[in-house]
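Visitor: Structure: work.txt, compact mmCIF, C-alpha atoms and all ligand atoms.
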```txt
# COMPACT_ATOMS: atom_id res chain seq x y z
CA MET A 11 -12.70 13.35 6.46
CA ARG A 12 -14.12 9.98 7.42
CA ASP A 13 -16.04 9.48 10.61
CA LEU A 14 -13.43 8.11 13.02
CA ALA A 15 -15.80 7.11 15.81
CA PRO A 16 -16.67 4.46 16.77
CA PRO A 17 -13.42 2.56 16.03
CA CYS A 18 -13.88 0.32 13.07
CA ILE A 19 -11.90 -2.67 11.83
CA ASP A 20 -10.88 -2.13 8.20
CA VAL A 21 -8.86 -5.33 7.79
CA GLU A 22 -9.07 -8.58 9.69
CA ALA A 23 -6.79 -11.46 8.80
CA HIS A 24 -7.70 -14.74 10.41
CA GLN A 25 -5.22 -17.65 10.44
CA LEU A 26 -3.99 -16.69 7.01
CA SER A 27 -1.50 -19.02 5.34
CA LYS A 28 0.22 -18.87 1.97
CA ARG A 29 2.44 -21.24 0.07
CA PHE A 30 3.90 -21.21 -3.40
CA GLY A 31 4.08 -24.88 -4.38
CA SER A 32 5.67 -26.63 -1.43
CA ASN A 33 7.27 -23.40 -0.23
CA GLU A 34 5.51 -22.12 2.88
CA ILE A 35 5.64 -18.33 2.89
CA PHE A 36 3.68 -17.60 6.05
CA SER A 37 1.21 -19.44 8.16
CA ASP A 38 -1.36 -18.77 10.86
CA VAL A 39 -1.17 -15.00 10.48
CA SER A 40 -3.93 -13.13 12.31
CA PHE A 41 -4.24 -9.39 12.92
CA ARG A 42 -6.68 -6.51 12.82
CA LEU A 43 -6.12 -3.08 11.33
CA LEU A 44 -8.24 -0.27 12.72
CA ARG A 45 -9.55 2.53 10.57
CA GLY A 46 -7.14 5.45 10.41
CA GLU A 47 -4.17 3.49 11.74
CA ALA A 48 -0.74 3.69 10.13
CA VAL A 49 0.76 0.22 10.31
CA ALA A 50 4.32 -0.75 9.43
CA LEU A 51 4.92 -4.31 8.24
CA VAL A 52 8.55 -5.28 8.77
CA GLY A 53 10.76 -8.35 8.42
CA ALA A 54 13.83 -9.52 6.57
CA ASN A 55 13.95 -9.97 2.79
CA GLY A 56 11.81 -12.85 1.61
CA THR A 57 9.75 -13.20 4.80
CA GLY A 58 6.54 -12.64 2.86
CA LYS A 59 5.60 -9.02 3.41
CA SER A 60 4.70 -8.31 -0.23
CA THR A 61 2.89 -11.62 -0.47
CA LEU A 62 0.83 -10.76 2.61
CA LEU A 63 -0.11 -7.39 1.12
CA ARG A 64 -1.12 -9.06 -2.14
CA CYS A 65 -3.32 -11.51 -0.23
CA MET A 66 -4.91 -8.56 1.56
CA MET A 67 -5.80 -6.97 -1.75
CA GLY A 68 -7.21 -10.22 -3.06
CA LEU A 69 -4.60 -10.21 -5.82
CA ILE A 70 -3.50 -13.73 -4.94
CA PRO A 71 -5.45 -16.38 -3.04
CA ALA A 72 -4.46 -17.53 0.42
CA ALA A 73 -3.84 -21.25 0.96
CA SER A 74 -6.06 -21.16 4.02
CA GLY A 75 -7.61 -18.73 6.44
CA LYS A 76 -9.34 -15.56 5.41
CA VAL A 77 -8.92 -11.85 5.19
CA VAL A 78 -11.88 -9.53 5.56
CA VAL A 79 -11.32 -6.09 4.06
CA LEU A 80 -13.84 -3.27 4.50
CA GLY A 81 -16.36 -5.87 5.56
CA GLN A 82 -15.82 -8.18 2.58
CA ASP A 83 -13.97 -11.48 2.50
CA ALA A 84 -11.22 -10.74 -0.01
CA SER A 85 -10.26 -14.40 -0.06
CA SER A 86 -13.56 -15.67 -1.44
CA THR A 87 -15.46 -12.89 -3.12
CA SER A 88 -16.43 -12.74 -6.80
CA SER A 89 -14.06 -11.03 -9.21
CA ARG A 90 -16.62 -8.26 -9.79
CA GLU A 91 -16.95 -7.55 -6.06
CA LEU A 92 -13.19 -7.76 -5.74
CA ARG A 93 -12.75 -5.08 -8.39
CA ALA A 94 -15.19 -2.84 -6.52
CA LEU A 95 -13.34 -3.53 -3.27
CA ARG A 96 -9.95 -2.74 -4.82
CA ALA A 97 -11.33 0.56 -6.12
CA ARG A 98 -11.66 1.57 -2.46
CA MET A 99 -7.98 0.78 -1.87
CA GLY A 100 -4.80 2.33 -3.18
CA LEU A 101 -1.71 0.24 -3.92
CA VAL A 102 1.86 1.37 -4.25
CA SER A 103 3.81 -1.69 -5.34
CA GLN A 104 7.55 -2.16 -5.65
CA LYS A 105 7.21 -1.94 -9.43
CA HIS A 106 5.81 1.41 -10.52
CA ASN A 107 4.09 0.08 -13.65
CA LEU A 108 3.66 3.55 -15.12
CA VAL A 109 2.65 3.73 -18.77
CA PRO A 110 5.90 5.06 -20.26
CA ARG A 111 4.52 6.93 -23.27
CA LEU A 112 1.80 8.73 -21.33
CA SER A 113 2.16 11.95 -19.40
CA VAL A 114 2.60 11.97 -15.66
CA LEU A 115 -0.88 13.49 -15.36
CA SER A 116 -2.45 10.74 -17.48
CA ASN A 117 -0.74 8.11 -15.35
CA VAL A 118 -2.15 9.63 -12.18
CA ILE A 119 -5.64 9.86 -13.71
CA GLN A 120 -5.49 6.10 -14.23
CA GLY A 121 -5.77 5.76 -10.47
CA LEU A 122 -9.38 6.90 -10.87
CA LEU A 123 -10.39 4.35 -13.49
CA GLY A 124 -11.35 1.63 -11.02
CA ARG A 125 -13.81 4.06 -9.44
CA HIS A 126 -15.64 4.60 -12.72
CA PRO A 127 -15.98 1.18 -14.40
CA GLY A 128 -16.57 1.36 -18.12
CA ILE A 129 -14.98 4.76 -18.51
CA ARG A 130 -11.54 4.77 -20.06
CA HIS A 131 -9.87 8.15 -19.97
CA TRP A 132 -6.34 7.15 -20.82
CA SER A 133 -5.24 10.63 -21.70
CA HIS A 134 -5.40 13.74 -19.53
CA ARG A 135 -6.68 15.53 -22.66
CA SER A 136 -9.94 13.58 -22.73
CA ALA A 137 -10.37 13.17 -18.97
CA PRO A 138 -13.07 15.20 -17.19
CA ALA A 139 -11.87 18.42 -15.60
CA ALA A 140 -12.62 17.01 -12.12
CA SER A 141 -10.28 14.05 -12.78
CA ARG A 142 -7.52 16.38 -13.95
CA GLU A 143 -7.98 18.56 -10.89
CA ALA A 144 -7.88 15.57 -8.54
CA ALA A 145 -4.73 14.31 -10.28
CA MET A 146 -3.06 17.72 -10.03
CA GLU A 147 -3.90 17.83 -6.33
CA ALA A 148 -2.36 14.37 -5.81
CA LEU A 149 0.74 15.41 -7.77
CA GLY A 150 1.02 18.49 -5.58
CA LYS A 151 0.96 16.27 -2.48
CA VAL A 152 3.96 14.28 -3.74
CA GLY A 153 5.76 17.46 -4.86
CA LEU A 154 5.58 16.83 -8.59
CA ALA A 155 2.95 19.25 -9.88
CA GLU A 156 5.43 20.85 -12.26
CA PHE A 157 6.09 17.46 -13.91
CA ALA A 158 2.44 16.91 -14.87
CA LEU A 159 2.94 17.11 -18.62
CA ARG A 160 6.25 15.27 -18.77
CA ARG A 161 6.27 11.79 -20.31
CA ALA A 162 6.53 9.11 -17.66
CA ASP A 163 9.56 7.53 -19.35
CA ARG A 164 11.50 10.75 -18.82
CA LEU A 165 11.38 10.51 -15.03
CA SER A 166 14.00 9.32 -12.57
CA GLY A 167 13.29 6.22 -10.48
CA GLY A 168 12.39 8.31 -7.42
CA GLN A 169 10.14 10.61 -9.44
CA SER A 170 8.38 7.57 -10.92
CA GLN A 171 7.84 6.26 -7.41
CA ARG A 172 6.21 9.51 -6.35
CA VAL A 173 3.95 9.46 -9.43
CA ALA A 174 2.92 5.91 -8.47
CA ILE A 175 2.07 7.21 -4.99
CA ALA A 176 0.01 10.05 -6.50
CA ARG A 177 -1.83 7.48 -8.64
CA ALA A 178 -2.58 5.42 -5.51
CA ILE A 179 -3.99 8.35 -3.51
CA VAL A 180 -5.84 10.24 -6.26
CA GLY A 181 -9.03 8.21 -5.73
CA LYS A 182 -9.01 8.99 -2.00
CA PRO A 183 -8.70 5.34 -0.96
CA GLU A 184 -10.02 4.14 2.36
CA ILE A 185 -7.02 1.84 2.69
CA LEU A 186 -3.59 2.62 1.29
CA ILE A 187 -1.18 -0.25 0.88
CA ALA A 188 2.40 0.69 0.11
CA ASP A 189 5.15 -1.84 -0.49
CA GLU A 190 8.48 -0.20 0.31
CA PRO A 191 7.26 3.23 -0.78
CA CYS A 192 10.58 4.88 0.04
CA ALA A 193 12.89 2.28 -1.52
CA SER A 194 13.99 4.49 -4.41
CA LEU A 195 13.63 7.84 -2.68
CA ASP A 196 16.41 9.99 -1.27
CA PRO A 197 16.20 10.58 2.50
CA ALA A 198 14.38 13.94 2.26
CA ALA A 199 11.84 12.67 -0.29
CA GLY A 200 11.33 9.52 1.83
CA GLU A 201 10.58 11.66 4.87
CA ASP A 202 8.10 13.75 2.87
CA ILE A 203 6.27 10.63 1.69
CA MET A 204 6.14 9.14 5.17
CA LYS A 205 4.76 12.42 6.52
CA LEU A 206 2.16 12.41 3.74
CA PHE A 207 1.09 8.87 4.71
CA PHE A 208 0.97 9.85 8.38
CA ASP A 209 -1.23 12.86 7.54
CA LEU A 210 -3.54 10.73 5.39
CA ALA A 211 -4.04 8.46 8.39
CA ARG A 212 -4.38 11.24 10.98
CA GLN A 213 -6.34 13.83 9.03
CA ASP A 214 -8.34 11.80 6.52
CA GLY A 215 -8.79 8.57 8.49
CA VAL A 216 -7.11 6.48 5.77
CA THR A 217 -5.86 3.12 6.99
CA VAL A 218 -2.25 2.97 5.83
CA VAL A 219 -0.15 -0.18 5.67
CA PHE A 220 3.44 0.13 4.53
CA THR A 221 6.39 -2.20 4.40
CA SER A 222 9.78 -0.78 5.12
CA HIS A 223 13.34 -1.76 5.93
CA HIS A 224 13.78 1.64 7.58
CA ILE A 225 13.41 0.83 11.26
CA ASP A 226 13.28 4.52 11.92
CA HIS A 227 10.32 5.04 9.57
CA ALA A 228 8.44 2.14 11.13
CA LEU A 229 8.93 3.54 14.63
CA ARG A 230 8.19 7.17 13.82
CA TYR A 231 5.40 6.83 11.29
CA GLY A 232 3.70 3.60 12.32
CA ASP A 233 1.08 3.61 15.06
CA ARG A 234 1.53 -0.11 15.15
CA ILE A 235 4.19 -2.50 13.87
CA LEU A 236 3.69 -6.00 12.55
CA GLY A 237 6.77 -8.18 12.13
CA LEU A 238 7.18 -11.38 10.13
CA VAL A 239 9.89 -13.87 11.12
CA ASP A 240 10.26 -17.52 10.11
CA HIS A 241 6.85 -17.82 8.43
CA ARG A 242 5.03 -16.39 11.44
CA LEU A 243 3.74 -13.04 12.63
CA LYS A 244 6.07 -12.63 15.60
CA LEU A 245 5.33 -9.02 16.42
CA ASP A 246 2.11 -7.03 16.69
CA ALA A 247 2.64 -4.07 19.01
CA ARG A 248 2.19 -0.35 19.32
CA ALA A 249 5.20 1.53 17.97
CA SER A 250 5.34 3.58 21.18
CA GLU A 251 6.09 0.37 23.11
CA LEU A 252 9.03 -0.60 20.87
CA ASN A 253 12.54 0.61 20.25
CA ALA A 254 15.07 0.15 17.45
CA ALA A 255 16.69 -2.85 19.16
CA ASP A 256 13.34 -4.66 19.28
CA LEU A 257 12.97 -4.27 15.53
CA ARG A 258 16.59 -5.12 14.76
CA GLY A 259 15.96 -8.38 16.62
CA LEU A 260 13.50 -9.35 13.87
CA TYR A 261 16.37 -9.38 11.37
CA ASP A 262 18.76 -11.63 13.35
N1 LIG B 301 4.78 -15.70 -7.52
C1 LIG B 301 5.64 -16.36 -6.74
N2 LIG B 301 5.92 -17.66 -6.98
C2 LIG B 301 6.77 -18.35 -6.19
N3 LIG B 301 7.41 -17.81 -5.12
C3 LIG B 301 7.17 -16.52 -4.85
C4 LIG B 301 6.29 -15.72 -5.63
N4 LIG B 301 6.24 -14.48 -5.11
C5 LIG B 301 7.07 -14.50 -4.04
N5 LIG B 301 7.62 -15.71 -3.89
C6 LIG B 301 8.53 -16.12 -2.81
O1 LIG B 301 7.86 -15.84 -1.59
C7 LIG B 301 8.83 -15.43 -0.62
C8 LIG B 301 8.35 -14.13 0.00
O2 LIG B 301 8.47 -13.10 -0.99
P1 LIG B 301 7.98 -11.63 -0.69
O3 LIG B 301 8.28 -10.82 -1.90
O4 LIG B 301 6.60 -11.67 -0.20
O5 LIG B 301 8.95 -11.23 0.50
P2 LIG B 301 9.24 -9.81 1.15
O6 LIG B 301 9.24 -9.99 2.61
O7 LIG B 301 8.30 -8.80 0.60
O8 LIG B 301 10.71 -9.53 0.63
P3 LIG B 301 11.53 -8.17 0.36
O9 LIG B 301 11.79 -7.53 1.71
O10 LIG B 301 12.78 -8.65 -0.27
O11 LIG B 301 10.71 -7.30 -0.55
C9 LIG B 301 10.17 -15.34 -1.32
O12 LIG B 301 10.90 -16.50 -1.01
C10 LIG B 301 9.81 -15.29 -2.77
O13 LIG B 301 10.81 -15.87 -3.55
```
Could you quickly redo this structure as structure tokens?

Guide:
Amino acid sequence: MRDLAPPCIDVEAHQLSKRFGSNEIFSDVSFRLLRGEAVALVGANGTGKSTLLRCMMGLIPAASGKVVVLGQDASSTSSRELRALRARMGLVSQKHNLVPRLSVLSNVIQGLLGRHPGIRHWSHRSAPAASREAAMEALGKVGLAEFALRRADRLSGGQSQRVAIARAIVGKPEILIADEPCASLDPAAGEDIMKLFFDLARQDGVTVVFTSHHIDHALRYGDRILGLVDHRLKLDARASELNAADLRGLYD
């Protein structure tokens, strides 16, 4: 469990803007994410949610502005420092990117590689026992422990998604970024994953940012909700102060 007091800012975006060519994706986006908060990022298709998350991880450069993550400027740090920074974060992207021919367990163990530069344990057979144990624990959290030795290409879409989530949390990230984590999950599995994220924030002090088109998930599992509309951050409010109609208004 991380020390939750005093309150600490894990992410601070300051007047962040992004364009692809002449296409402005978002501009003048500023917000702060506090340690241990669960934050829902919402907005219609194509408003730039995934792009904003990728900027936060330093995976793509911003056009202007800056984003400071865990005390480091992700927009202008060296690639070596960026790798070290990313090792402290977990990412669940819309594409699972599992290695098809490897076992589920080996795929989850890959989530630990960034934490141990230079070590390449691609297979669960050669990984240290501690890595295997951590991966089994993460698989247990997403309800897939019994699938550990199955090849990743023999999973359903929803199972693959849960393996990707296990891979993102196995290294005990300080910040977890999840881009539509429930998109391919049935309602019960989606609820389980949202509860897991909520517990990671509440019990372990992980800062969780997730995008979702489930208004209900954003309201119930987000402490705070950020909303993108027309290239701008139009909403930054506590979930307890919002209702479903407020969020539906972002999609009009
Ligand atoms: N690499 C890229 N090059 C050019 N345009 C891009 C690139 N990536 C995203 N875009 C464009 O940026 C805009 C925002 O895309 P993004 O995926 O961030 O939206 P989103 O809000 O996450 O959408 P969705 O809800 O559909 O997942 C879209 O118009 C998209 O076509």

Visitor: Enter the distance from atom C6 of ligand LIG 301 (chain B) to atom CA of Ser194 of chain A, in Å, rounded to one decimal.

Guide: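 These atoms are spaced 21.4 Å apart.
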
Visitor: Taking all atoms listed in the file and a cut-off of 8 Å, can you tell me which residues surround ligand LIG 301 (chain B), written as number ranges by chain?

Guide: A: 29-31, 33, 35, 52-62, 104, 189-190, 221-223, 238

Visitor: Write a file of the selected residues as a CSV table (one decimal), in the coordinates of the input, keeping C-alpha atoms.

Guide:
```csv
chain,number,residue,atom,x,y,z
A,29,ARG,CA,2.4,-21.2,0.1
A,30,PHE,CA,3.9,-21.2,-3.4
A,31,GLY,CA,4.1,-24.9,-4.4
A,33,ASN,CA,7.3,-23.4,-0.2
A,35,ILE,CA,5.6,-18.3,2.9
A,52,VAL,CA,8.6,-5.3,8.8
A,53,GLY,CA,10.8,-8.4,8.4
A,54,ALA,CA,13.8,-9.5,6.6
A,55,ASN,CA,14.0,-10.0,2.8
A,56,GLY,CA,11.8,-12.8,1.6
A,57,THR,CA,9.8,-13.2,4.8
A,58,GLY,CA,6.5,-12.6,2.9
A,59,LYS,CA,5.6,-9.0,3.4
A,60,SER,CA,4.7,-8.3,-0.2
A,61,THR,CA,2.9,-11.6,-0.5
A,62,LEU,CA,0.8,-10.8,2.6
A,104,GLN,CA,7.6,-2.2,-5.6
A,189,ASP,CA,5.2,-1.8,-0.5
A,190,GLU,CA,8.5,-0.2,0.3
A,221,THR,CA,6.4,-2.2,4.4
A,222,SER,CA,9.8,-0.8,5.1
A,223,HIS,CA,13.3,-1.8,5.9
A,238,LEU,CA,7.2,-11.4,10.1
```

Visitor: Mind pulling up the distance from atom CA of Leu123 of chain A to atom CA of Leu43 of chain A?

Guide: 26.3 Å

Visitor: Would you list the contacts of Leu115 of chain A as a PyMOL selection string, taking every protein, DNA or RNA residue within 7 Å and counting all atoms listed in the file, but skipping same-chain residues closer than 6 positions in sequence?

Guide: chain A and resi 134+145+158-159

Visitor: Kindly export the residues of the current selection with C-alpha atoms, as a compact mmCIF listing (two decimals), in the coordinates of the input.

Guide:
```txt
# COMPACT_ATOMS: atom_id res chain seq x y z
CA HIS A 134 -5.40 13.74 -19.53
CA ALA A 145 -4.73 14.31 -10.28
CA ALA A 158 2.44 16.91 -14.87
CA LEU A 159 2.94 17.11 -18.62
```

Visitor: Residues near Leu112 of chain A, anyone? I mean within 12 Å using all atoms listed in the file, not counting same-chain ones fewer than 4 positions away, as a list of chain:residue names.

Guide: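 These residues fall inside the cut-off: A:Asn107, A:Leu108, A:Ser116, A:Asn117, A:Val118, A:Ile119, A:Gln120, A:His131, A:Trp132, A:Ser133, A:His134, A:Arg135, A:Ala158, A:Leu159, A:Arg160, A:Arg161, A:Ala162, A:Asp163, A:Arg164, A:Leu165.
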
Visitor: Selection from above, C-alpha atoms, as a PDB file, in the coordinates of the input, can you write it?

Guide:
```pdb
ATOM      1  CA  ASN A 107       4.090   0.080 -13.650  1.00  0.00           C
ATOM      2  CA  LEU A 108       3.660   3.550 -15.120  1.00  0.00           C
ATOM      3  CA  SER A 116      -2.450  10.740 -17.480  1.00  0.00           C
ATOM      4  CA  ASN A 117      -0.740   8.110 -15.350  1.00  0.00           C
ATOM      5  CA  VAL A 118      -2.150   9.630 -12.180  1.00  0.00           C
ATOM      6  CA  ILE A 119      -5.640   9.860 -13.710  1.00  0.00           C
ATOM      7  CA  GLN A 120      -5.490   6.100 -14.230  1.00  0.00           C
ATOM      8  CA  HIS A 131      -9.870   8.150 -19.970  1.00  0.00           C
ATOM      9  CA  TRP A 132      -6.340   7.150 -20.820  1.00  0.00           C
ATOM     10  CA  SER A 133      -5.240  10.630 -21.700  1.00  0.00           C
ATOM     11  CA  HIS A 134      -5.400  13.740 -19.530  1.00  0.00           C
ATOM     12  CA  ARG A 135      -6.680  15.530 -22.660  1.00  0.00           C
ATOM     13  CA  ALA A 158       2.440  16.910 -14.870  1.00  0.00           C
ATOM     14  CA  LEU A 159       2.940  17.110 -18.620  1.00  0.00           C
ATOM     15  CA  ARG A 160       6.250  15.270 -18.770  1.00  0.00           C
ATOM     16  CA  ARG A 161       6.270  11.790 -20.310  1.00  0.00           C
ATOM     17  CA  ALA A 162       6.530   9.110 -17.660  1.00  0.00           C
ATOM     18  CA  ASP A 163       9.560   7.530 -19.350  1.00  0.00           C
ATOM     19  CA  ARG A 164      11.500  10.750 -18.820  1.00  0.00           C
ATOM     20  CA  LEU A 165      11.380  10.510 -15.030  1.00  0.00           C
TER      21      LEU A 165
END
```

Visitor: Using only C-alpha atoms, which residues sit within 12 Å of Ala198 of chain A once same-chain residues fewer than 6 positions away are excluded, as a PyMOL selection string?

Guide: chain A and resi 153+168+192+204-205

Visitor: If we count only C-alpha atoms, what is near Leu245 of chain A at a cut-off of 9 Å, once residues fewer than 4 positions away on the same chain are taken out, given as a count of residues only?

Guide: 6
